[in-house]
Amino acid sequence: MSKPMNIQQFFKLFPDDDACLDHLFLTRYGSEPACERCGEIGAFHRLANHPAYTCNCGHHIHPMAGTPFERSRTPLQKWYYAMFLFTATRNGVSAKEIQRQLGVTYKCAWRIAHKIREYMGAVDGNDRLGGKGGPIVEADKAFIGGKDKRGEDDKAIVLGMVERGGDLMTKVVPNRRRIVVSGSVADAVKRGTHIATDEGTAFFKLSEYGFIHTTVNHAKKEYVRGETHTNTIEGFWSWLKRGINGTHVWVSHKHLPKYLGEFEFRFNLRKQGHLMFPILLASFPRP
Ligand SMILES: [Zn+2]
């Protein structure tokens, strides 16, 4: 299937909490798990009235342990549906929308949304970018966020790095000093990579870190020089800002990394949108 799942397919596959729990158990433990207490294979059956499975020997497995739903009182199907919503949109989902769609309180919706964002970021991971002879990596920084609860400016400085045609990574940096910004690039990108940036002083002397570094001079309205440009990362910034400003009233400094993780996940799967939901469903930590 190369089309994303639609809402009817979702409810056919996951008609209730039990179907979701069976799915979770199967995904995390396989169809014939061996009991770690007695060694019997495939003997687990569902416990009545508990979201757990038991072996004939009495050993229990709780499929929700170690997932974002662990200890949640929200029914599992609502969690699944919330994850579905997160992968069915381009620009993100607000807590208000989760509240409306799931019929939960705003506070509960807000918590679910953040847990899912965190999970998306974890699934996306942060493998180092580039490599000698590999694709050009564009690096740039942007001011992201908005106002805090008191209406005061609460923008964060975000460093973004993207492999042309490949993966993207972001990092909130505490300031614009060269040592901080260039040091963060050096942590995230493999040595020997060709890095393209503008002529901002934060990126000055990147070559001293073992990179091939070329620049365009935005101040002089130079946007492309041969292979050197930062169009990919700038495209990401405008999409991210549109997503954040269009969907959320305000995004605090504190929670910004979660939104960044969410948008990185979406960006990195941009060519395989239909896989977003299946990947989220299949990426819970190994028990
Ligand atoms: Zn057993």
# chains A, B, ... in the order shown; residues from 1 in each chain; ligands from 1

call {"tool": "residues_around", "arguments": {"residues": "segment 225-227 of chain A", "least_positions_apart": "6", "cutoff": "10 Å", "atoms": "only C-alpha atoms", "output": "ChimeraX atom specification"}}
result
/A:136,196,214-217

call {"tool": "residues_near_ligand", "arguments": {"ligand": "ligand 1", "cutoff": "7 Å", "atoms": "only C-alpha atoms and all ligand atoms", "output": "ChimeraX atom specification"}}
result
/A:35-40,55-59

call {"tool": "closest_residue", "arguments": {"among": "A:Ser94, A:Thr89, A:Gln99, A:Thr201", "to": "Thr74 of chain A", "atoms": "only C-alpha atoms"}}
result
A:Gln99

call {"tool": "residues_around", "arguments": {"residues": "Ala52 of chain A", "least_positions_apart": "3", "cutoff": "7 Å", "atoms": "only C-alpha atoms", "output": "VMD selection string"}}
result
chain A and resid 46 to 47 60 to 63

call {"tool": "select_by_dssp", "arguments": {"residues": "segment 147-266 of chain A", "states": "alpha helix (DSSP H)", "output": "count of residues only"}}
result
39

call {"tool": "closest_atom_pairs", "arguments": {"of": "segment 75-120 of chain A", "to": "segment 246-269 of chain A", "cutoff": "8 Å", "atoms": "only C-alpha atoms", "output": "Markdown table"}}
result
| residue | atom | partner | partner_atom | distance |
| --- | --- | --- | --- | --- |
| A:Thr87 | CA | A:Arg266 | CA | 7.8 |
| A:Arg90 | CA | A:Arg266 | CA | 7.7 |
| A:Asn91 | CA | A:Thr247 | CA | 7.0 |
| A:Gly92 | CA | A:Thr247 | CA | 6.6 |
| A:Val93 | CA | A:Thr247 | CA | 6.5 |
| A:Ser94 | CA | A:Thr247 | CA | 5.8 |
| A:His114 | CA | A:Lys258 | CA | 6.9 |
| A:Arg117 | CA | A:Glu262 | CA | 5.0 |
| A:Glu118 | CA | A:Lys258 | CA | 5.4 |
| A:Met120 | CA | A:Glu262 | CA | 5.5 |

call {"tool": "write_last_selection", "arguments": {"atoms": "N, CA and C atoms", "output": "short mmCIF file (atom, residue, chain, number, x, y, z; two decimals), in the first residue's frame"}}
result
data_model
loop_
_atom_site.label_atom_id
_atom_site.label_comp_id
_atom_site.auth_asym_id
_atom_site.auth_seq_id
_atom_site.Cartn_x
_atom_site.Cartn_y
_atom_site.Cartn_z
N THR A 87 0.02 11.67 11.96
CA THR A 87 0.67 11.28 10.71
C THR A 87 -0.19 11.62 9.49
N ARG A 90 -0.03 17.53 7.58
CA ARG A 90 1.25 18.07 7.17
C ARG A 90 1.79 19.08 8.17
N ASN A 91 0.86 19.77 8.82
CA ASN A 91 1.27 20.92 9.64
C ASN A 91 1.12 20.74 11.13
N GLY A 92 0.88 19.49 11.57
CA GLY A 92 0.78 19.27 13.01
C GLY A 92 -0.65 19.30 13.52
N VAL A 93 -0.81 18.92 14.77
CA VAL A 93 -2.13 18.83 15.39
C VAL A 93 -2.11 19.60 16.70
N SER A 94 -3.12 20.41 16.92
CA SER A 94 -3.17 21.17 18.16
C SER A 94 -3.83 20.34 19.26
N HIS A 114 1.99 15.92 23.50
CA HIS A 114 3.42 16.03 23.80
C HIS A 114 4.11 14.68 23.87
N ARG A 117 4.65 13.67 20.29
CA ARG A 117 5.75 14.43 19.69
C ARG A 117 7.11 13.89 20.15
N GLU A 118 7.19 13.64 21.44
CA GLU A 118 8.44 13.10 22.00
C GLU A 118 8.77 11.76 21.35
N MET A 120 7.73 10.64 18.40
CA MET A 120 8.11 10.84 16.99
C MET A 120 9.58 11.25 16.89
#

call {"tool": "residues_around", "arguments": {"residues": "segment 232-238 of chain A", "least_positions_apart": "5", "cutoff": "8 Å", "atoms": "only C-alpha atoms", "output": "list in words"}}
result
Glu138, Ala139, Asp140, Ala142, Gly160, Met161, Val162, Arg164 and Phe267 of chain A

call {"tool": "write_last_selection", "arguments": {"atoms": "C-alpha atoms", "output": "PDB file, in the first residue's frame"}}
result
ATOM      1  CA  GLU A 138      23.214  22.733   4.384  1.00  0.00           C
ATOM      2  CA  ALA A 139      23.405  24.418   7.779  1.00  0.00           C
ATOM      3  CA  ASP A 140      21.499  27.485   8.904  1.00  0.00           C
ATOM      4  CA  ALA A 142      16.580  30.469  12.620  1.00  0.00           C
ATOM      5  CA  GLY A 160      19.224  23.204  11.359  1.00  0.00           C
ATOM      6  CA  MET A 161      21.296  20.871   9.215  1.00  0.00           C
ATOM      7  CA  VAL A 162      20.062  18.887   6.255  1.00  0.00           C
ATOM      8  CA  ARG A 164      20.533  17.332   0.262  1.00  0.00           C
ATOM      9  CA  PHE A 267      10.348  15.926   7.015  1.00  0.00           C
TER      10      PHE A 267
END

call {"tool": "residues_around", "arguments": {"residues": "Leu26 of chain A", "least_positions_apart": "2", "cutoff": "12 Å", "atoms": "only C-alpha atoms", "output": "PyMOL selection string"}}
result
chain A and resi 19-24+28-33+42+44-46+53+61-64+281-282+284+287

call {"tool": "write_last_selection", "arguments": {"atoms": "N, CA and C atoms", "output": "PDB file, in the first residue's frame"}}
result
ATOM      1  N   ALA A  19      -8.549  -4.602  20.142  1.00  0.00           N
ATOM      2  CA  ALA A  19      -7.836  -4.785  18.875  1.00  0.00           C
ATOM      3  C   ALA A  19      -6.485  -4.068  18.918  1.00  0.00           C
ATOM      4  N   CYS A  20      -6.471  -2.889  19.541  1.00  0.00           N
ATOM      5  CA  CYS A  20      -5.212  -2.134  19.651  1.00  0.00           C
ATOM      6  C   CYS A  20      -4.225  -2.866  20.550  1.00  0.00           C
ATOM      7  N   LEU A  21      -4.735  -3.406  21.663  1.00  0.00           N
ATOM      8  CA  LEU A  21      -3.846  -4.109  22.587  1.00  0.00           C
ATOM      9  C   LEU A  21      -3.279  -5.380  21.939  1.00  0.00           C
ATOM     10  N   ASP A  22      -4.127  -6.120  21.227  1.00  0.00           N
ATOM     11  CA  ASP A  22      -3.655  -7.313  20.510  1.00  0.00           C
ATOM     12  C   ASP A  22      -2.570  -6.920  19.504  1.00  0.00           C
ATOM     13  N   HIS A  23      -2.807  -5.817  18.814  1.00  0.00           N
ATOM     14  CA  HIS A  23      -1.832  -5.339  17.839  1.00  0.00           C
ATOM     15  C   HIS A  23      -0.506  -4.996  18.512  1.00  0.00           C
ATOM     16  N   LEU A  24      -0.612  -4.318  19.640  1.00  0.00           N
ATOM     17  CA  LEU A  24       0.588  -3.910  20.370  1.00  0.00           C
ATOM     18  C   LEU A  24       1.366  -5.129  20.871  1.00  0.00           C
ATOM     19  N   ARG A  28       5.104  -6.100  19.494  1.00  0.00           N
ATOM     20  CA  ARG A  28       6.258  -6.035  20.403  1.00  0.00           C
ATOM     21  C   ARG A  28       6.801  -7.401  20.790  1.00  0.00           C
ATOM     22  N   TYR A  29       5.928  -8.428  20.806  1.00  0.00           N
ATOM     23  CA  TYR A  29       6.377  -9.728  21.307  1.00  0.00           C
ATOM     24  C   TYR A  29       6.342 -10.841  20.247  1.00  0.00           C
ATOM     25  N   GLY A  30       5.775 -10.536  19.084  1.00  0.00           N
ATOM     26  CA  GLY A  30       5.692 -11.564  18.045  1.00  0.00           C
ATOM     27  C   GLY A  30       4.522 -12.501  18.266  1.00  0.00           C
ATOM     28  N   SER A  31       4.250 -13.381  17.281  1.00  0.00           N
ATOM     29  CA  SER A  31       3.044 -14.208  17.359  1.00  0.00           C
ATOM     30  C   SER A  31       3.213 -15.384  18.324  1.00  0.00           C
ATOM     31  N   GLU A  32       4.443 -15.819  18.560  1.00  0.00           N
ATOM     32  CA  GLU A  32       4.637 -16.956  19.463  1.00  0.00           C
ATOM     33  C   GLU A  32       5.741 -16.665  20.477  1.00  0.00           C
ATOM     34  N   PRO A  33       5.467 -15.742  21.376  1.00  0.00           N
ATOM     35  CA  PRO A  33       6.529 -15.388  22.333  1.00  0.00           C
ATOM     36  C   PRO A  33       6.800 -16.542  23.307  1.00  0.00           C
ATOM     37  N   GLY A  42       4.268 -19.537  22.915  1.00  0.00           N
ATOM     38  CA  GLY A  42       2.959 -19.229  22.334  1.00  0.00           C
ATOM     39  C   GLY A  42       1.770 -19.554  23.225  1.00  0.00           C
ATOM     40  N   PHE A  44       0.532 -17.599  25.634  1.00  0.00           N
ATOM     41  CA  PHE A  44      -0.077 -16.418  26.251  1.00  0.00           C
ATOM     42  C   PHE A  44      -1.508 -16.196  25.782  1.00  0.00           C
ATOM     43  N   HIS A  45      -2.368 -15.846  26.727  1.00  0.00           N
ATOM     44  CA  HIS A  45      -3.723 -15.443  26.362  1.00  0.00           C
ATOM     45  C   HIS A  45      -4.108 -14.200  27.155  1.00  0.00           C
ATOM     46  N   ARG A  46      -5.089 -13.515  26.650  1.00  0.00           N
ATOM     47  CA  ARG A  46      -5.502 -12.233  27.215  1.00  0.00           C
ATOM     48  C   ARG A  46      -6.115 -12.410  28.597  1.00  0.00           C
ATOM     49  N   TYR A  53      -1.444  -9.935  29.228  1.00  0.00           N
ATOM     50  CA  TYR A  53      -1.567 -11.318  28.753  1.00  0.00           C
ATOM     51  C   TYR A  53      -0.879 -12.209  29.776  1.00  0.00           C
ATOM     52  N   ILE A  61       2.490 -10.482  30.790  1.00  0.00           N
ATOM     53  CA  ILE A  61       3.139  -9.492  29.930  1.00  0.00           C
ATOM     54  C   ILE A  61       2.201  -8.297  29.798  1.00  0.00           C
ATOM     55  N   HIS A  62       2.749  -7.097  30.054  1.00  0.00           N
ATOM     56  CA  HIS A  62       1.984  -5.855  29.882  1.00  0.00           C
ATOM     57  C   HIS A  62       2.501  -5.147  28.637  1.00  0.00           C
ATOM     58  N   PRO A  63       1.792  -5.248  27.515  1.00  0.00           N
ATOM     59  CA  PRO A  63       2.325  -4.689  26.259  1.00  0.00           C
ATOM     60  C   PRO A  63       2.530  -3.177  26.281  1.00  0.00           C
ATOM     61  N   MET A  64       1.854  -2.475  27.176  1.00  0.00           N
ATOM     62  CA  MET A  64       1.980  -1.009  27.185  1.00  0.00           C
ATOM     63  C   MET A  64       3.212  -0.528  27.953  1.00  0.00           C
ATOM     64  N   LEU A 281       3.816   2.774  14.694  1.00  0.00           N
ATOM     65  CA  LEU A 281       3.218   1.602  15.355  1.00  0.00           C
ATOM     66  C   LEU A 281       4.209   0.479  15.572  1.00  0.00           C
ATOM     67  N   ALA A 282       5.310   0.513  14.829  1.00  0.00           N
ATOM     68  CA  ALA A 282       6.243  -0.623  14.882  1.00  0.00           C
ATOM     69  C   ALA A 282       7.545  -0.274  15.593  1.00  0.00           C
ATOM     70  N   PHE A 284       8.103   0.896  18.901  1.00  0.00           N
ATOM     71  CA  PHE A 284       8.192   0.946  20.370  1.00  0.00           C
ATOM     72  C   PHE A 284       9.458   0.215  20.791  1.00  0.00           C
ATOM     73  N   PRO A 287      10.972  -4.912  24.036  1.00  0.00           N
ATOM     74  CA  PRO A 287      10.766  -5.232  25.447  1.00  0.00           C
ATOM     75  C   PRO A 287      11.989  -5.939  26.045  1.00  0.00           C
TER      76      PRO A 287
END

call {"tool": "select_by_dssp", "arguments": {"residues": "segment 34-73 of chain A", "states": "strand (DSSP E)", "output": "NGL selection string"}}
result
:A and (45-46 or 53-54 or 60-61)

call {"tool": "write_last_selection", "arguments": {"atoms": "C-alpha atoms", "output": "PDB file, in the first residue's frame"}}
result
ATOM      1  CA  HIS A  45      -3.723 -15.443  26.362  1.00  0.00           C
ATOM      2  CA  ARG A  46      -5.502 -12.233  27.215  1.00  0.00           C
ATOM      3  CA  TYR A  53      -1.567 -11.318  28.753  1.00  0.00           C
ATOM      4  CA  THR A  54      -0.783 -14.324  30.873  1.00  0.00           C
ATOM      5  CA  HIS A  60       2.170 -11.736  32.830  1.00  0.00           C
ATOM      6  CA  ILE A  61       3.139  -9.492  29.930  1.00  0.00           C
TER       7      ILE A  61
END
